[in-house]
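S.K.: Hey, dropping data-v9.cif in here, mmCIF, N, CA and C atoms:
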```cif
data_structure
loop_
_atom_site.label_atom_id
_atom_site.label_comp_id
_atom_site.auth_asym_id
_atom_site.auth_seq_id
_atom_site.Cartn_x
_atom_site.Cartn_y
_atom_site.Cartn_z
N MET A 7 0.84 -1.17 0.00
CA MET A 7 0.00 0.00 0.00
C MET A 7 0.89 1.23 0.00
N ASN A 8 0.65 2.18 -0.89
CA ASN A 8 1.47 3.38 -1.01
C ASN A 8 0.88 4.50 -0.18
N LEU A 9 1.61 4.93 0.84
CA LEU A 9 1.13 6.01 1.70
C LEU A 9 1.83 7.32 1.41
N SER A 10 2.69 7.37 0.40
CA SER A 10 3.52 8.55 0.16
C SER A 10 2.72 9.78 -0.25
N ASN A 11 1.54 9.62 -0.80
CA ASN A 11 0.76 10.76 -1.26
C ASN A 11 -0.35 11.15 -0.29
N ARG A 12 -0.31 10.63 0.90
CA ARG A 12 -1.44 10.79 1.81
C ARG A 12 -1.66 12.19 2.32
N SER A 13 -0.65 13.06 2.38
CA SER A 13 -0.85 14.36 2.97
C SER A 13 -0.74 15.49 1.94
N SER A 14 -0.99 15.20 0.71
CA SER A 14 -0.94 16.21 -0.33
C SER A 14 -2.02 17.25 -0.10
N GLY A 15 -1.66 18.52 -0.22
CA GLY A 15 -2.61 19.60 -0.01
C GLY A 15 -3.73 19.58 -1.03
N SER A 16 -3.50 19.00 -2.20
CA SER A 16 -4.53 18.95 -3.23
C SER A 16 -5.23 17.60 -3.27
N GLU A 17 -5.09 16.83 -2.21
CA GLU A 17 -5.69 15.50 -2.14
C GLU A 17 -7.19 15.57 -2.41
N LYS A 18 -7.68 14.69 -3.25
CA LYS A 18 -9.10 14.61 -3.52
C LYS A 18 -9.64 13.33 -2.91
N ARG A 19 -10.71 13.47 -2.18
CA ARG A 19 -11.31 12.31 -1.54
C ARG A 19 -12.02 11.48 -2.58
N THR A 20 -11.76 10.19 -2.54
CA THR A 20 -12.40 9.29 -3.48
C THR A 20 -13.38 8.36 -2.77
N GLN A 21 -13.32 8.29 -1.47
CA GLN A 21 -14.20 7.42 -0.70
C GLN A 21 -15.40 8.23 -0.19
N VAL A 22 -16.57 7.65 -0.26
CA VAL A 22 -17.76 8.28 0.29
C VAL A 22 -17.74 8.08 1.80
N ARG A 23 -17.70 9.17 2.53
CA ARG A 23 -17.69 9.11 3.99
C ARG A 23 -19.12 9.14 4.51
N ILE A 24 -19.41 8.24 5.42
CA ILE A 24 -20.74 8.13 5.99
C ILE A 24 -20.71 8.76 7.38
N PRO A 25 -21.43 9.87 7.59
CA PRO A 25 -21.45 10.48 8.92
C PRO A 25 -22.18 9.57 9.92
N ILE A 26 -21.68 9.53 11.12
CA ILE A 26 -22.28 8.71 12.18
C ILE A 26 -23.01 9.65 13.14
N ASP A 27 -24.32 9.48 13.24
CA ASP A 27 -25.14 10.38 14.03
C ASP A 27 -25.32 9.93 15.48
N ASP A 28 -24.80 8.77 15.83
CA ASP A 28 -24.90 8.25 17.20
C ASP A 28 -23.54 8.28 17.85
N GLU A 29 -23.53 8.08 19.15
CA GLU A 29 -22.25 8.03 19.86
C GLU A 29 -21.71 6.61 19.84
N ILE A 30 -20.76 6.36 18.95
CA ILE A 30 -20.07 5.08 18.88
C ILE A 30 -18.65 5.34 19.37
N LEU A 31 -18.33 4.79 20.52
CA LEU A 31 -17.02 5.00 21.11
C LEU A 31 -15.96 4.21 20.36
N VAL A 32 -14.78 4.80 20.26
CA VAL A 32 -13.62 4.13 19.66
C VAL A 32 -12.63 3.92 20.80
N ARG A 33 -12.31 2.66 21.07
CA ARG A 33 -11.46 2.31 22.20
C ARG A 33 -10.17 1.65 21.73
N ASP A 34 -9.06 2.03 22.34
CA ASP A 34 -7.77 1.39 22.11
C ASP A 34 -7.83 0.05 22.85
N THR A 35 -7.78 -1.04 22.12
CA THR A 35 -7.93 -2.36 22.76
C THR A 35 -6.67 -2.79 23.50
N VAL A 36 -5.54 -2.14 23.24
CA VAL A 36 -4.30 -2.48 23.93
C VAL A 36 -4.27 -1.83 25.31
N SER A 37 -4.55 -0.52 25.36
CA SER A 37 -4.51 0.21 26.64
C SER A 37 -5.85 0.21 27.36
N GLY A 38 -6.93 -0.02 26.62
CA GLY A 38 -8.26 0.05 27.19
C GLY A 38 -8.82 1.47 27.24
N LEU A 39 -8.03 2.46 26.80
CA LEU A 39 -8.45 3.85 26.86
C LEU A 39 -9.42 4.20 25.74
N GLU A 40 -10.36 5.08 26.05
CA GLU A 40 -11.27 5.60 25.05
C GLU A 40 -10.53 6.63 24.21
N LEU A 41 -10.50 6.44 22.89
CA LEU A 41 -9.82 7.36 22.00
C LEU A 41 -10.71 8.51 21.56
N GLY A 42 -12.00 8.27 21.50
CA GLY A 42 -12.92 9.31 21.07
C GLY A 42 -14.21 8.70 20.55
N THR A 43 -14.93 9.52 19.77
CA THR A 43 -16.21 9.13 19.21
C THR A 43 -16.10 9.09 17.69
N LEU A 44 -16.66 8.06 17.09
CA LEU A 44 -16.63 7.91 15.64
C LEU A 44 -17.45 9.02 14.99
N ALA A 45 -16.82 9.80 14.09
CA ALA A 45 -17.50 10.90 13.40
C ALA A 45 -17.99 10.47 12.02
N ASN A 46 -17.14 9.74 11.29
CA ASN A 46 -17.55 9.19 10.00
C ASN A 46 -16.70 7.97 9.69
N VAL A 47 -17.17 7.20 8.72
CA VAL A 47 -16.48 5.96 8.35
C VAL A 47 -16.64 5.73 6.85
N HIS A 48 -15.65 5.07 6.27
CA HIS A 48 -15.74 4.61 4.89
C HIS A 48 -14.96 3.31 4.78
N ASP A 49 -14.89 2.74 3.60
CA ASP A 49 -14.27 1.43 3.41
C ASP A 49 -12.82 1.36 3.86
N ALA A 50 -12.10 2.47 3.74
CA ALA A 50 -10.66 2.44 3.99
C ALA A 50 -10.22 3.24 5.21
N GLY A 51 -11.17 3.88 5.90
CA GLY A 51 -10.76 4.68 7.04
C GLY A 51 -11.92 5.24 7.83
N PHE A 52 -11.57 6.10 8.78
CA PHE A 52 -12.59 6.71 9.62
C PHE A 52 -12.03 7.96 10.28
N MET A 53 -12.94 8.79 10.82
CA MET A 53 -12.53 9.98 11.54
C MET A 53 -13.14 9.93 12.93
N VAL A 54 -12.35 10.39 13.89
CA VAL A 54 -12.73 10.39 15.30
C VAL A 54 -12.67 11.82 15.82
N ILE A 55 -13.59 12.18 16.70
CA ILE A 55 -13.45 13.41 17.48
C ILE A 55 -13.02 12.98 18.87
N SER A 56 -11.96 13.62 19.37
CA SER A 56 -11.30 13.13 20.58
C SER A 56 -10.94 14.28 21.52
N ASP A 57 -10.82 13.95 22.79
CA ASP A 57 -10.34 14.92 23.78
C ASP A 57 -8.82 15.03 23.75
N GLY A 58 -8.16 14.23 22.94
CA GLY A 58 -6.71 14.31 22.81
C GLY A 58 -6.04 13.00 23.17
N GLY A 59 -4.73 13.03 23.21
CA GLY A 59 -3.95 11.84 23.54
C GLY A 59 -3.57 11.00 22.35
N LEU A 60 -4.11 11.31 21.17
CA LEU A 60 -3.76 10.57 19.96
C LEU A 60 -2.46 11.11 19.38
N LYS A 61 -1.75 10.26 18.65
CA LYS A 61 -0.49 10.66 18.03
C LYS A 61 -0.53 10.32 16.55
N GLU A 62 -0.13 11.29 15.72
CA GLU A 62 -0.02 11.04 14.29
C GLU A 62 1.02 9.96 14.02
N ASP A 63 0.81 9.22 12.95
CA ASP A 63 1.73 8.18 12.48
C ASP A 63 1.87 7.03 13.48
N ASN A 64 0.93 6.89 14.39
CA ASN A 64 0.91 5.75 15.31
C ASN A 64 -0.10 4.72 14.84
N LEU A 65 0.22 3.47 15.11
CA LEU A 65 -0.71 2.38 14.83
C LEU A 65 -1.51 2.08 16.08
N TYR A 66 -2.79 1.83 15.88
CA TYR A 66 -3.69 1.53 16.99
C TYR A 66 -4.49 0.27 16.68
N GLN A 67 -4.74 -0.54 17.70
CA GLN A 67 -5.72 -1.62 17.62
C GLN A 67 -6.96 -1.05 18.29
N VAL A 68 -8.05 -0.93 17.55
CA VAL A 68 -9.23 -0.26 18.08
C VAL A 68 -10.46 -1.14 17.99
N ALA A 69 -11.45 -0.75 18.79
CA ALA A 69 -12.77 -1.36 18.74
C ALA A 69 -13.80 -0.25 18.64
N PHE A 70 -14.71 -0.38 17.67
CA PHE A 70 -15.87 0.50 17.60
C PHE A 70 -16.92 -0.15 18.49
N GLU A 71 -17.30 0.54 19.55
CA GLU A 71 -18.28 0.00 20.49
C GLU A 71 -19.68 0.41 20.05
N VAL A 72 -20.25 -0.43 19.18
CA VAL A 72 -21.57 -0.18 18.62
C VAL A 72 -22.61 -0.56 19.66
N ASN A 73 -23.54 0.34 19.93
CA ASN A 73 -24.52 0.13 21.01
C ASN A 73 -25.82 -0.49 20.54
N SER A 74 -25.79 -1.31 19.53
CA SER A 74 -27.03 -1.87 19.00
C SER A 74 -27.15 -3.36 19.25
N GLY A 75 -26.49 -3.86 20.26
CA GLY A 75 -26.55 -5.27 20.56
C GLY A 75 -25.60 -6.10 19.72
N ARG A 76 -24.93 -5.46 18.77
CA ARG A 76 -23.94 -6.16 17.95
C ARG A 76 -22.59 -6.16 18.66
N PRO A 77 -21.73 -7.11 18.33
CA PRO A 77 -20.39 -7.11 18.93
C PRO A 77 -19.59 -5.92 18.44
N SER A 78 -18.59 -5.53 19.21
CA SER A 78 -17.68 -4.46 18.80
C SER A 78 -16.98 -4.84 17.50
N ILE A 79 -16.65 -3.82 16.72
CA ILE A 79 -15.90 -4.02 15.48
C ILE A 79 -14.44 -3.74 15.79
N THR A 80 -13.58 -4.73 15.63
CA THR A 80 -12.16 -4.56 15.96
C THR A 80 -11.32 -4.52 14.69
N LEU A 81 -10.30 -3.65 14.70
CA LEU A 81 -9.45 -3.48 13.53
C LEU A 81 -8.17 -2.77 13.92
N GLY A 82 -7.21 -2.81 13.02
CA GLY A 82 -5.96 -2.07 13.17
C GLY A 82 -5.99 -0.86 12.26
N ALA A 83 -5.51 0.30 12.77
CA ALA A 83 -5.55 1.53 11.97
C ALA A 83 -4.38 2.43 12.32
N GLU A 84 -4.00 3.25 11.35
CA GLU A 84 -2.94 4.24 11.55
C GLU A 84 -3.56 5.63 11.61
N CYS A 85 -3.19 6.41 12.61
CA CYS A 85 -3.63 7.80 12.71
C CYS A 85 -2.78 8.62 11.73
N LEU A 86 -3.41 9.14 10.69
CA LEU A 86 -2.70 9.87 9.64
C LEU A 86 -2.56 11.35 9.94
N TRP A 87 -3.56 11.94 10.57
CA TRP A 87 -3.52 13.37 10.83
C TRP A 87 -4.38 13.72 12.04
N ILE A 88 -4.06 14.85 12.64
CA ILE A 88 -4.82 15.38 13.78
C ILE A 88 -4.99 16.87 13.55
N SER A 89 -6.19 17.39 13.79
CA SER A 89 -6.47 18.81 13.61
C SER A 89 -7.36 19.29 14.75
N GLU A 90 -7.05 20.46 15.31
CA GLU A 90 -7.88 21.00 16.39
C GLU A 90 -9.25 21.38 15.86
N THR A 91 -10.25 21.22 16.72
CA THR A 91 -11.59 21.68 16.38
C THR A 91 -11.65 23.18 16.60
N GLY A 92 -12.73 23.79 16.22
CA GLY A 92 -12.90 25.23 16.40
C GLY A 92 -12.91 25.66 17.85
N THR A 93 -13.30 24.76 18.74
CA THR A 93 -13.37 25.10 20.16
C THR A 93 -12.02 24.97 20.85
N GLY A 94 -11.11 24.20 20.26
CA GLY A 94 -9.77 24.04 20.81
C GLY A 94 -9.65 23.03 21.93
N ASP A 95 -10.77 22.50 22.40
CA ASP A 95 -10.69 21.52 23.50
C ASP A 95 -10.79 20.08 23.01
N GLN A 96 -10.99 19.91 21.72
CA GLN A 96 -11.03 18.58 21.13
C GLN A 96 -10.27 18.60 19.81
N VAL A 97 -10.02 17.41 19.27
CA VAL A 97 -9.34 17.30 17.98
C VAL A 97 -10.12 16.35 17.07
N TRP A 98 -9.96 16.58 15.78
CA TRP A 98 -10.39 15.63 14.77
C TRP A 98 -9.16 14.79 14.44
N ALA A 99 -9.34 13.49 14.22
CA ALA A 99 -8.23 12.62 13.85
C ALA A 99 -8.68 11.69 12.74
N GLY A 100 -7.87 11.62 11.69
CA GLY A 100 -8.17 10.76 10.55
C GLY A 100 -7.33 9.50 10.59
N PHE A 101 -7.97 8.38 10.37
CA PHE A 101 -7.32 7.06 10.44
C PHE A 101 -7.47 6.32 9.12
N GLN A 102 -6.44 5.58 8.76
CA GLN A 102 -6.50 4.65 7.64
C GLN A 102 -6.56 3.24 8.22
N ILE A 103 -7.52 2.46 7.77
CA ILE A 103 -7.63 1.08 8.23
C ILE A 103 -6.49 0.28 7.61
N MET A 104 -5.75 -0.40 8.47
CA MET A 104 -4.59 -1.17 8.02
C MET A 104 -4.83 -2.67 8.07
N ASP A 105 -5.67 -3.11 8.99
CA ASP A 105 -5.86 -4.54 9.17
C ASP A 105 -7.25 -4.80 9.75
N LEU A 106 -8.01 -5.66 9.09
CA LEU A 106 -9.30 -6.06 9.63
C LEU A 106 -9.69 -7.41 9.06
N SER A 107 -10.44 -8.13 9.84
CA SER A 107 -10.91 -9.45 9.41
C SER A 107 -12.06 -9.29 8.43
N GLU A 108 -12.41 -10.37 7.79
CA GLU A 108 -13.56 -10.35 6.89
C GLU A 108 -14.83 -10.05 7.67
N ASP A 109 -14.96 -10.57 8.88
CA ASP A 109 -16.12 -10.26 9.73
C ASP A 109 -16.20 -8.77 10.02
N ALA A 110 -15.06 -8.15 10.37
CA ALA A 110 -15.03 -6.72 10.66
C ALA A 110 -15.38 -5.92 9.40
N ARG A 111 -14.89 -6.36 8.25
CA ARG A 111 -15.21 -5.67 6.99
C ARG A 111 -16.72 -5.70 6.75
N GLN A 112 -17.34 -6.84 6.99
CA GLN A 112 -18.79 -6.95 6.82
C GLN A 112 -19.54 -6.09 7.84
N GLN A 113 -19.04 -6.04 9.09
CA GLN A 113 -19.67 -5.21 10.11
C GLN A 113 -19.59 -3.73 9.74
N ILE A 114 -18.46 -3.29 9.19
CA ILE A 114 -18.33 -1.90 8.77
C ILE A 114 -19.29 -1.62 7.61
N ALA A 115 -19.41 -2.54 6.69
CA ALA A 115 -20.36 -2.38 5.58
C ALA A 115 -21.79 -2.24 6.10
N GLN A 116 -22.16 -3.06 7.09
CA GLN A 116 -23.48 -2.98 7.69
C GLN A 116 -23.68 -1.63 8.40
N LEU A 117 -22.65 -1.18 9.10
CA LEU A 117 -22.71 0.11 9.78
C LEU A 117 -22.91 1.24 8.79
N MET A 118 -22.18 1.19 7.69
CA MET A 118 -22.31 2.22 6.66
C MET A 118 -23.72 2.21 6.06
N THR A 119 -24.24 1.03 5.80
CA THR A 119 -25.59 0.92 5.25
C THR A 119 -26.61 1.48 6.22
N GLN A 120 -26.44 1.18 7.51
CA GLN A 120 -27.36 1.67 8.53
C GLN A 120 -27.41 3.19 8.57
N TYR A 121 -26.28 3.87 8.43
CA TYR A 121 -26.23 5.32 8.55
C TYR A 121 -26.41 6.05 7.22
N GLN A 122 -26.41 5.31 6.11
CA GLN A 122 -26.68 5.93 4.81
C GLN A 122 -28.16 6.24 4.66
N GLU A 123 -28.99 5.51 5.37
CA GLU A 123 -30.45 5.63 5.19
C GLU A 123 -30.98 6.90 5.80
#
```
Could you render the structure from this file as structure tokens?
M.R.:
Amino acid sequence: MNLSNRSSGSEKRTQVRIPIDDEILVRDTVSGLELGTLANVHDAGFMVISDGGLKEDNLYQVAFEVNSGRPSITLGAECLWISETGTGDQVWAGFQIMDLSEDARQQIAQLMTQYQE
């Protein structure tokens, strides 16, 4: 996978991002710490709004804690960028999905379908 063009200022988004209107927590499964709330998701990545503590260019094992009786969605992802929100007390963080099982891929597809409606 080529990551060399990931931070180009003229980058054009090719993935349809699905906004998440519910509070789905994103948890670091290694430390157990809450990383933030899922803001949007697509086939290859997701964005989180967080109180901080995230680091760019770090790999994370995360779980999306979906509150609909379904099991958590677990995957590996790299934090590509972090940007302060307008309020300054939180950050937006963009992640690229690096590793996920076929079950997790199907769960993400179901989640996207649920929020597209």
S.K.: Phe52 of chain A: which residues within 6 Å, counting all atoms listed in the file, same-chain residues fewer than 5 positions away excluded, as a ChimeraX atom specification?
M.R.: /A:46-47,99-103
S.K.: Write out as a PyMOL selection string the residues lying within 9 Å of Met118 of chain A, counting only C-alpha atoms and excluding same-chain residues fewer than 4 positions away.
M.R.: chain A and resi 23-26+47-49+113-114+122-123
S.K.: Dump N, CA and C atoms for the selected residues as a PDB file, in the frame of the given file?
M.R.:
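Dumped to again_18.pdb:
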```
ATOM      1  N   ARG A  23     -17.700   9.170   2.530  1.00  0.00           N
ATOM      2  CA  ARG A  23     -17.690   9.110   3.990  1.00  0.00           C
ATOM      3  C   ARG A  23     -19.120   9.140   4.510  1.00  0.00           C
ATOM      4  N   ILE A  24     -19.410   8.240   5.420  1.00  0.00           N
ATOM      5  CA  ILE A  24     -20.740   8.130   5.990  1.00  0.00           C
ATOM      6  C   ILE A  24     -20.710   8.760   7.380  1.00  0.00           C
ATOM      7  N   PRO A  25     -21.430   9.870   7.590  1.00  0.00           N
ATOM      8  CA  PRO A  25     -21.450  10.480   8.920  1.00  0.00           C
ATOM      9  C   PRO A  25     -22.180   9.570   9.920  1.00  0.00           C
ATOM     10  N   ILE A  26     -21.680   9.530  11.120  1.00  0.00           N
ATOM     11  CA  ILE A  26     -22.280   8.710  12.180  1.00  0.00           C
ATOM     12  C   ILE A  26     -23.010   9.650  13.140  1.00  0.00           C
ATOM     13  N   VAL A  47     -17.170   7.200   8.720  1.00  0.00           N
ATOM     14  CA  VAL A  47     -16.480   5.960   8.350  1.00  0.00           C
ATOM     15  C   VAL A  47     -16.640   5.730   6.850  1.00  0.00           C
ATOM     16  N   HIS A  48     -15.650   5.070   6.270  1.00  0.00           N
ATOM     17  CA  HIS A  48     -15.740   4.610   4.890  1.00  0.00           C
ATOM     18  C   HIS A  48     -14.960   3.310   4.780  1.00  0.00           C
ATOM     19  N   ASP A  49     -14.890   2.740   3.600  1.00  0.00           N
ATOM     20  CA  ASP A  49     -14.270   1.430   3.410  1.00  0.00           C
ATOM     21  C   ASP A  49     -12.820   1.360   3.860  1.00  0.00           C
ATOM     22  N   GLN A 113     -19.040  -6.040   9.090  1.00  0.00           N
ATOM     23  CA  GLN A 113     -19.670  -5.210  10.110  1.00  0.00           C
ATOM     24  C   GLN A 113     -19.590  -3.730   9.740  1.00  0.00           C
ATOM     25  N   ILE A 114     -18.460  -3.290   9.190  1.00  0.00           N
ATOM     26  CA  ILE A 114     -18.330  -1.900   8.770  1.00  0.00           C
ATOM     27  C   ILE A 114     -19.290  -1.620   7.610  1.00  0.00           C
ATOM     28  N   GLN A 122     -26.410   5.310   6.110  1.00  0.00           N
ATOM     29  CA  GLN A 122     -26.680   5.930   4.810  1.00  0.00           C
ATOM     30  C   GLN A 122     -28.160   6.240   4.660  1.00  0.00           C
ATOM     31  N   GLU A 123     -28.990   5.510   5.370  1.00  0.00           N
ATOM     32  CA  GLU A 123     -30.450   5.630   5.190  1.00  0.00           C
ATOM     33  C   GLU A 123     -30.980   6.900   5.800  1.00  0.00           C
TER      34      GLU A 123
END
```
S.K.: Identify, on the basis of all atoms listed in the file, every residue whose closest approach to Gly58 of chain A does not exceed 6.5 Å; exclude the query and any residue fewer than 2 positions from it along the same chain; express the result as a list in words.
M.R.: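 The residues satisfying every condition are Leu41, Ile55, Ser56, Leu60, Asp95, Gln96 and Val97 of chain A.
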S.K.: Output N, CA and C atoms for every residue in the selection just made, as a tab-separated table (two decimals), in the coordinates of the input.
M.R.:
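Printed below is result09.tsv as written:
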```tsv
chain	number	residue	atom	x	y	z
A	41	LEU	N	-10.50	6.44	22.89
A	41	LEU	CA	-9.82	7.36	22.00
A	41	LEU	C	-10.71	8.51	21.56
A	55	ILE	N	-13.59	12.18	16.70
A	55	ILE	CA	-13.45	13.41	17.48
A	55	ILE	C	-13.02	12.98	18.87
A	56	SER	N	-11.96	13.62	19.37
A	56	SER	CA	-11.30	13.13	20.58
A	56	SER	C	-10.94	14.28	21.52
A	60	LEU	N	-4.11	11.31	21.17
A	60	LEU	CA	-3.76	10.57	19.96
A	60	LEU	C	-2.46	11.11	19.38
A	95	ASP	N	-10.77	22.50	22.40
A	95	ASP	CA	-10.69	21.52	23.50
A	95	ASP	C	-10.79	20.08	23.01
A	96	GLN	N	-10.99	19.91	21.72
A	96	GLN	CA	-11.03	18.58	21.13
A	96	GLN	C	-10.27	18.60	19.81
A	97	VAL	N	-10.02	17.41	19.27
A	97	VAL	CA	-9.34	17.30	17.98
A	97	VAL	C	-10.12	16.35	17.07
```
S.K.: Show me, as a ChimeraX atom specification, the residues that have an atom within 8 Å of Ser78 of chain A when counting all atoms listed in the file, minus same-chain residues fewer than 5 positions from it.
M.R.: /A:68-73,110,113
S.K.: For atom C of Gly82 of chain A and atom N of Val36 of chain A, quote the distance in Å rounded to one decimal.
M.R.: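 Between atom C of Gly82 of chain A and atom N of Val36 of chain A the gap works out to 11.1 Å.
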S.K.: Within segment 53-114 of chain A, find each residue whose DSSP state, derived from the backbone, is alpha helix (DSSP H), and express the selection as a PyMOL selection string.
M.R.: chain A and resi 108-114
S.K.: Any chance you could work out the residue set of the PyMOL selection byres (((chain A and resi 44 and name CA) around 6) and name CA) here, as a ChimeraX atom specification?
M.R.: /A:30,43,45-46,54
S.K.: Where does DSSP see strand (DSSP E) in chain A, if you list the residues as a PyMOL selection string?
M.R.: chain A and resi 24-25+31-34+40-48+51-56+65-71+79-90+97-105
S.K.: When you draw a straight line from atom N of Ala83 of chain A to atom C of Asp28 of chain A, how long is it in Å?
M.R.: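 Interatomic distance here is 20.4 Å.
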S.K.: Work out how far atom C of Asp27 of chain A is from atom CA of Arg111 of chain A, in Å to one decimal.
M.R.: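 Atom CA of Arg111 of chain A sits 20.4 Å away from atom C of Asp27 of chain A.
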S.K.: Using only C-alpha atoms, which of the listed residues (A:Gly38, A:Leu65, A:Met104, A:Asp109) sits closest to Pro77 of chain A?
M.R.: A:Asp109
S.K.: Counting all atoms listed in the file, figure out which residue out of A:Gly51, A:Tyr66, A:Gly59, A:Gly75 gets nearest to Asp34 of chain A.
M.R.: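 Nearest candidate to Asp34 of chain A out of A:Gly51, A:Tyr66, A:Gly59, A:Gly75: A:Tyr66.
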S.K.: I need every residue sitting at most 7 Å from the point (1.5, 9.7, 14.6) (coordinates as in the file, only N, CA and C atoms considered), written as a list in words.
M.R.: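 In the file's frame, the residues around the point are Leu60, Lys61, Glu62, Asp63, Asn64, Leu65, Cys85, Leu86 and Trp87 of chain A.
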S.K.: Emit the selected residues as an mmCIF file, in the frame of the given file, including N, CA and C atoms.
M.R.:
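Once written, part.cif looks like this:
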```cif
data_model
loop_
_atom_site.group_PDB
_atom_site.id
_atom_site.type_symbol
_atom_site.label_atom_id
_atom_site.label_comp_id
_atom_site.auth_asym_id
_atom_site.auth_seq_id
_atom_site.Cartn_x
_atom_site.Cartn_y
_atom_site.Cartn_z
ATOM 1 N N LEU A 60 -4.110 11.310 21.170
ATOM 2 C CA LEU A 60 -3.760 10.570 19.960
ATOM 3 C C LEU A 60 -2.460 11.110 19.380
ATOM 4 N N LYS A 61 -1.750 10.260 18.650
ATOM 5 C CA LYS A 61 -0.490 10.660 18.030
ATOM 6 C C LYS A 61 -0.530 10.320 16.550
ATOM 7 N N GLU A 62 -0.130 11.290 15.720
ATOM 8 C CA GLU A 62 -0.020 11.040 14.290
ATOM 9 C C GLU A 62 1.020 9.960 14.020
ATOM 10 N N ASP A 63 0.810 9.220 12.950
ATOM 11 C CA ASP A 63 1.730 8.180 12.480
ATOM 12 C C ASP A 63 1.870 7.030 13.480
ATOM 13 N N ASN A 64 0.930 6.890 14.390
ATOM 14 C CA ASN A 64 0.910 5.750 15.310
ATOM 15 C C ASN A 64 -0.100 4.720 14.840
ATOM 16 N N LEU A 65 0.220 3.470 15.110
ATOM 17 C CA LEU A 65 -0.710 2.380 14.830
ATOM 18 C C LEU A 65 -1.510 2.080 16.080
ATOM 19 N N CYS A 85 -3.190 6.410 12.610
ATOM 20 C CA CYS A 85 -3.630 7.800 12.710
ATOM 21 C C CYS A 85 -2.780 8.620 11.730
ATOM 22 N N LEU A 86 -3.410 9.140 10.690
ATOM 23 C CA LEU A 86 -2.700 9.870 9.640
ATOM 24 C C LEU A 86 -2.560 11.350 9.940
ATOM 25 N N TRP A 87 -3.560 11.940 10.570
ATOM 26 C CA TRP A 87 -3.520 13.370 10.830
ATOM 27 C C TRP A 87 -4.380 13.720 12.040
#
```
